[in-house]
$ cat target34.txt   # compact mmCIF, C-alpha atoms
# COMPACT_ATOMS: atom_id res chain seq x y z
CA MET V 1 -31.98 5.50 8.79
CA LYS V 2 -30.67 6.12 12.26
CA ASP V 3 -27.08 6.74 13.31
CA VAL V 4 -26.18 4.00 15.77
CA SER V 5 -22.46 4.81 15.98
CA LEU V 6 -22.54 4.66 19.78
CA ASN V 7 -23.72 1.02 19.76
CA PHE V 8 -21.30 -0.34 17.13
CA ARG V 9 -17.52 -0.24 16.68
CA ALA V 10 -15.74 -0.21 13.33
CA ASP V 11 -12.96 -2.57 14.43
CA ARG V 12 -15.45 -5.21 15.72
CA LEU V 13 -18.63 -4.60 13.77
CA ASP V 14 -21.66 -6.86 14.17
CA VAL V 15 -22.77 -6.51 10.54
CA ALA V 16 -25.92 -8.61 11.00
CA GLY V 17 -26.93 -6.52 14.02
CA LEU V 18 -26.38 -3.28 12.11
CA ALA V 19 -28.45 -4.62 9.20
CA ARG V 20 -31.25 -5.78 11.53
CA VAL V 21 -31.72 -2.29 12.94
CA GLY V 22 -31.21 -0.69 9.52
CA GLY V 23 -28.67 1.60 11.07
CA SER V 24 -25.64 3.50 9.97
CA ILE V 25 -22.35 4.26 11.59
CA LYS V 26 -19.82 6.86 10.59
CA GLY V 27 -16.49 8.16 11.64
CA GLN V 28 -13.51 10.34 10.91
CA VAL V 29 -10.09 8.75 11.28
CA ALA V 30 -6.63 10.30 11.00
CA LEU V 31 -4.57 8.92 8.13
CA GLN V 32 -1.88 7.83 10.64
CA LYS V 33 -4.25 5.11 11.94
CA TYR V 34 -4.11 3.25 8.62
CA GLU V 35 -0.70 1.56 8.71
CA ARG V 36 -0.63 0.35 5.09
CA LEU V 37 -2.18 3.48 3.59
CA LYS V 38 0.27 5.84 5.24
CA LEU V 39 3.12 3.95 3.52
CA ASP V 40 1.89 5.49 0.25
CA SER V 41 2.17 8.95 1.75
CA CYS V 42 5.17 11.12 0.90
CA ARG V 43 5.21 12.55 4.42
CA HIS V 44 6.51 11.05 7.62
CA GLU V 45 3.84 10.04 10.12
CA ALA V 46 4.58 13.01 12.40
CA ASP V 47 4.09 15.42 9.47
CA LEU V 48 0.65 14.14 8.45
CA GLY V 49 -1.20 16.37 10.92
CA ASP V 50 -4.94 16.83 11.11
CA GLU V 51 -5.44 17.89 7.50
CA PHE V 52 -5.29 14.30 6.25
CA THR V 53 -8.27 12.38 7.56
CA VAL V 54 -10.59 9.69 6.24
CA ASN V 55 -14.35 10.20 6.56
CA TRP V 56 -16.49 7.10 6.27
CA GLN V 57 -20.04 5.87 6.65
CA ALA V 58 -21.41 2.33 6.66
CA ILE V 59 -25.11 1.50 6.29
CA GLY V 60 -26.53 -1.92 7.15
CA GLU V 61 -29.46 -3.37 5.24
CA LEU V 62 -31.55 -6.53 5.27
CA ARG V 63 -32.95 -7.32 1.81
CA SER V 64 -35.89 -9.68 1.56
CA ILE V 65 -35.57 -12.41 -1.03
CA ALA V 66 -37.82 -15.26 -2.14
CA GLY V 67 -38.61 -17.97 0.39
CA ASN V 68 -39.13 -15.67 3.36
CA THR V 69 -35.39 -15.17 3.87
CA SER V 70 -33.17 -12.12 3.74
CA GLU V 71 -29.67 -11.10 2.75
CA THR V 72 -27.35 -8.97 4.83
CA TRP V 73 -25.82 -6.01 3.01
CA LEU V 74 -23.37 -3.30 3.98
CA HIS V 75 -22.99 -0.08 1.97
CA LEU V 76 -19.73 1.78 2.46
CA LYS V 77 -18.74 5.33 1.55
CA ALA V 78 -15.30 6.68 2.37
CA ASP V 79 -13.23 9.62 1.27
CA GLY V 80 -10.04 11.35 2.22
CA LYS V 81 -6.81 12.86 0.97
CA ILE V 82 -3.31 11.45 1.02
CA PRO V 83 -0.13 13.42 0.30
CA GLN V 84 1.84 11.89 -2.56
CA ILE V 85 4.55 12.98 -4.98
CA CYS V 86 3.39 14.24 -8.37
CA GLN V 87 5.22 12.17 -10.96
CA ARG V 88 5.24 15.07 -13.41
CA CYS V 89 6.68 17.96 -11.37
CA LEU V 90 7.93 16.03 -8.29
CA ALA V 91 6.10 18.34 -5.88
CA GLU V 92 3.60 17.20 -3.25
CA VAL V 93 0.04 16.61 -4.40
CA ALA V 94 -2.95 15.91 -2.13
CA THR V 95 -4.56 12.93 -3.86
CA GLN V 96 -8.32 12.72 -3.31
CA LEU V 97 -9.61 9.19 -2.65
CA GLU V 98 -13.29 8.23 -2.84
CA VAL V 99 -14.92 4.85 -2.35
CA GLU V 100 -18.55 3.81 -2.65
CA ARG V 101 -19.16 0.06 -2.53
CA SER V 102 -21.81 -2.42 -1.43
CA TYR V 103 -21.16 -5.89 -0.02
CA ARG V 104 -23.40 -8.88 0.47
CA PHE V 105 -22.56 -11.04 3.45
CA VAL V 106 -22.84 -14.83 3.38
CA ALA V 107 -22.59 -17.47 6.09
CA ASP V 108 -19.12 -18.90 5.39
CA GLU V 109 -16.11 -19.10 3.06
CA ALA V 110 -17.49 -22.13 1.22
CA THR V 111 -20.67 -20.25 0.31
CA ALA V 112 -18.67 -17.20 -0.77
CA SER V 113 -16.43 -19.34 -2.99
CA ALA V 114 -19.39 -21.16 -4.52
CA LEU V 115 -21.26 -17.94 -5.33
CA ASP V 116 -18.30 -15.77 -6.28
CA ASP V 117 -18.24 -16.57 -10.01
CA SER V 118 -21.99 -16.19 -10.49
CA CYS V 119 -22.45 -12.92 -8.53
CA GLU V 120 -21.72 -9.40 -9.62
CA GLU V 121 -21.68 -8.05 -6.06
CA ASP V 122 -18.79 -8.35 -3.64
CA LEU V 123 -19.26 -11.21 -1.18
CA LEU V 124 -17.85 -11.22 2.34
CA VAL V 125 -18.20 -13.68 5.19
CA LEU V 126 -20.54 -12.70 8.02
CA SER V 127 -18.90 -12.30 11.39
CA ARG V 128 -19.97 -10.86 14.72
CA GLU V 129 -16.63 -9.04 14.90
CA PHE V 130 -16.05 -7.89 11.34
CA ASN V 131 -13.15 -5.42 11.01
CA LEU V 132 -14.66 -2.56 9.02
CA SER V 133 -11.53 -0.45 9.54
CA GLU V 134 -9.46 -2.97 7.56
CA LEU V 135 -12.06 -3.03 4.79
CA ILE V 136 -11.99 0.78 4.58
CA GLU V 137 -8.20 0.74 4.34
CA ASP V 138 -8.27 -2.01 1.68
CA GLU V 139 -10.74 -0.04 -0.44
CA LEU V 140 -8.76 3.20 -0.12
CA LEU V 141 -5.57 1.39 -1.13
CA MET V 142 -7.32 0.10 -4.24
CA ALA V 143 -8.57 3.63 -4.99
CA LEU V 144 -5.03 5.02 -5.12
CA PRO V 145 -4.06 6.19 -8.60
CA LEU V 146 -1.38 4.25 -10.45
CA VAL V 147 0.48 7.53 -10.96
CA ALA V 148 -0.10 10.51 -8.70
CA MET V 149 -0.22 13.83 -10.57
CA HIS V 150 -1.58 17.35 -10.22
CA GLU V 151 -4.36 18.29 -12.62
CA THR V 152 -2.21 21.33 -13.38
CA CYS V 153 1.25 21.43 -11.83
CA PRO V 154 2.02 24.57 -9.78
CA GLU V 155 5.31 24.93 -11.65
CA GLN V 156 5.91 23.61 -15.11
CA PRO V 157 8.45 20.79 -14.99
CA LYS V 158 11.64 21.05 -17.04
CA MET V 159 11.21 19.07 -20.19
CA SER V 160 14.90 19.21 -21.07
CA VAL V 161 17.42 16.71 -19.83
CA ILE V 162 20.43 18.65 -21.09
CA ASP V 163 21.69 21.69 -19.26
CA ALA V 164 23.53 24.56 -20.95
CA ASP V 165 27.01 23.39 -19.88
CA PHE V 166 26.53 19.83 -21.10
CA GLU V 167 27.20 20.52 -24.80
CA GLN V 168 30.29 22.61 -24.01
CA GLN V 169 31.73 19.92 -21.73
CA LEU V 170 31.05 17.32 -24.38
CA GLN V 171 33.04 19.32 -26.98
CA GLU V 172 35.97 19.90 -24.59
CA LYS V 173 36.26 16.24 -23.64
CA PRO V 174 38.67 14.30 -25.83
CA ASN V 175 37.26 11.48 -27.86
CA PRO V 176 38.44 8.16 -26.33
CA PHE V 177 38.68 6.61 -29.78
CA ALA V 178 41.09 9.30 -30.96
CA ALA V 179 43.87 7.61 -28.99
CA LEU V 180 43.03 4.31 -30.68
CA GLU V 181 43.15 6.00 -34.09
CA VAL V 182 46.68 7.25 -33.30
CA LEU V 183 47.78 3.76 -32.34
CA LYS V 184 46.16 2.28 -35.43
CA SER V 185 47.94 4.72 -37.74
CA LYS V 186 51.36 3.86 -36.28
CA LYS V 187 52.88 0.86 -37.91
CA LEU V 188 54.18 -1.82 -35.67
CA PRO V 189 57.89 -2.91 -36.22

$ encode --input "target34.txt" --output "structure tokens"
Amino acid sequence: MKDVSLNFRADRLDVAGLARVGGSIKGQVALQKYERLKLDSCRHEADLGDEFTVNWQAIGELRSIAGNTSETWLHLKADGKIPQICQRCLAEVATQLEVERSYRFVADEATASALDDSCEEDLLVLSREFNLSELIEDELLMALPLVAMHETCPEQPKMSVIDADFEQQLQEKPNPFAALEVLKSKKLP
């Protein structure tokens, strides 16, 4: 497999051409470039820096099938980290994202719709200017955890909702129903 990154662009990828040469392309992209993904970050765009990048690789393949025809496939691997808020301790956690998927490309939407229910693989429509960057972002968004958490929080979160002064303040506060009890005990003329 040869790296043909210089001949192909991720934002306008000729998938069939990549598959014909059996090539691969790869890249490293700053998290800031993915507009939708950075919305799930707990940091502002300026604070993301160089530590949060997405590494990806796409491999094109032509698979021979019966009848002297072939199918176009694209194999994608992507990984990166995104800063999120741990829902246990409320500190920042660098959430690791990893994606490894394969896609079969078909001629048009009608073919994809017709085959979708009977195929286990993901079907996409073949295009000379396929936006691989959007696909990478979509897959990383789907790889986000439902709840971001540290494996082991750096500081143990407080498991108590009541502070020490709460009970004392509760005892000092007059009961609002005590005034009603006084009124109830008085007889009306």

$ residues_around --input "target34.txt" --residues "segment 65-70 of chain V" --least-positions-apart "6" --cutoff "12 Å" --atoms "all atoms listed in the file" --output "JSON, numbers by chain"
{"V": [16, 19, 20, 104, 105, 106]}

$ closest_residue --input "target34.txt" --among "V:Ala78, V:Val15, V:Ala110, V:Leu39" --to "Glu139 of chain V" --atoms "all atoms listed in the file"
V:Ala78

$ closest_residue --input "target34.txt" --among "V:Cys89, V:Leu144, V:Ala58, V:Ile136" --to "Ser41 of chain V" --atoms "all atoms listed in the file"
V:Leu144

$ residues_near_point --input "target34.txt" --point "(-15.0, 6.7, -2.8)" --cutoff "6 Å" --atoms "only C-alpha atoms" --output "number ranges by chain"
V: 77-79, 97-100

$ residues_near_point --input "target34.txt" --point "(0.7, 17.6, -5.8)" --cutoff "9 Å" --atoms "only C-alpha atoms" --output "list in words"
Pro83, Gln84, Ile85, Cys86, Gln87, Cys89, Leu90, Ala91, Glu92, Val93, Ala94, Thr95, Ala148, Met149, His150, Glu151, Thr152, Cys153 and Pro154 of chain V

$ write_last_selection --input "target34.txt" --atoms "C-alpha atoms" --output "PDB file, keeping the file's coordinate frame"
ATOM      1  CA  PRO V  83      -0.130  13.420   0.300  1.00  0.00           C
ATOM      2  CA  GLN V  84       1.840  11.890  -2.560  1.00  0.00           C
ATOM      3  CA  ILE V  85       4.550  12.980  -4.980  1.00  0.00           C
ATOM      4  CA  CYS V  86       3.390  14.240  -8.370  1.00  0.00           C
ATOM      5  CA  GLN V  87       5.220  12.170 -10.960  1.00  0.00           C
ATOM      6  CA  CYS V  89       6.680  17.960 -11.370  1.00  0.00           C
ATOM      7  CA  LEU V  90       7.930  16.030  -8.290  1.00  0.00           C
ATOM      8  CA  ALA V  91       6.100  18.340  -5.880  1.00  0.00           C
ATOM      9  CA  GLU V  92       3.600  17.200  -3.250  1.00  0.00           C
ATOM     10  CA  VAL V  93       0.040  16.610  -4.400  1.00  0.00           C
ATOM     11  CA  ALA V  94      -2.950  15.910  -2.130  1.00  0.00           C
ATOM     12  CA  THR V  95      -4.560  12.930  -3.860  1.00  0.00           C
ATOM     13  CA  ALA V 148      -0.100  10.510  -8.700  1.00  0.00           C
ATOM     14  CA  MET V 149      -0.220  13.830 -10.570  1.00  0.00           C
ATOM     15  CA  HIS V 150      -1.580  17.350 -10.220  1.00  0.00           C
ATOM     16  CA  GLU V 151      -4.360  18.290 -12.620  1.00  0.00           C
ATOM     17  CA  THR V 152      -2.210  21.330 -13.380  1.00  0.00           C
ATOM     18  CA  CYS V 153       1.250  21.430 -11.830  1.00  0.00           C
ATOM     19  CA  PRO V 154       2.020  24.570  -9.780  1.00  0.00           C
TER      20      PRO V 154
END
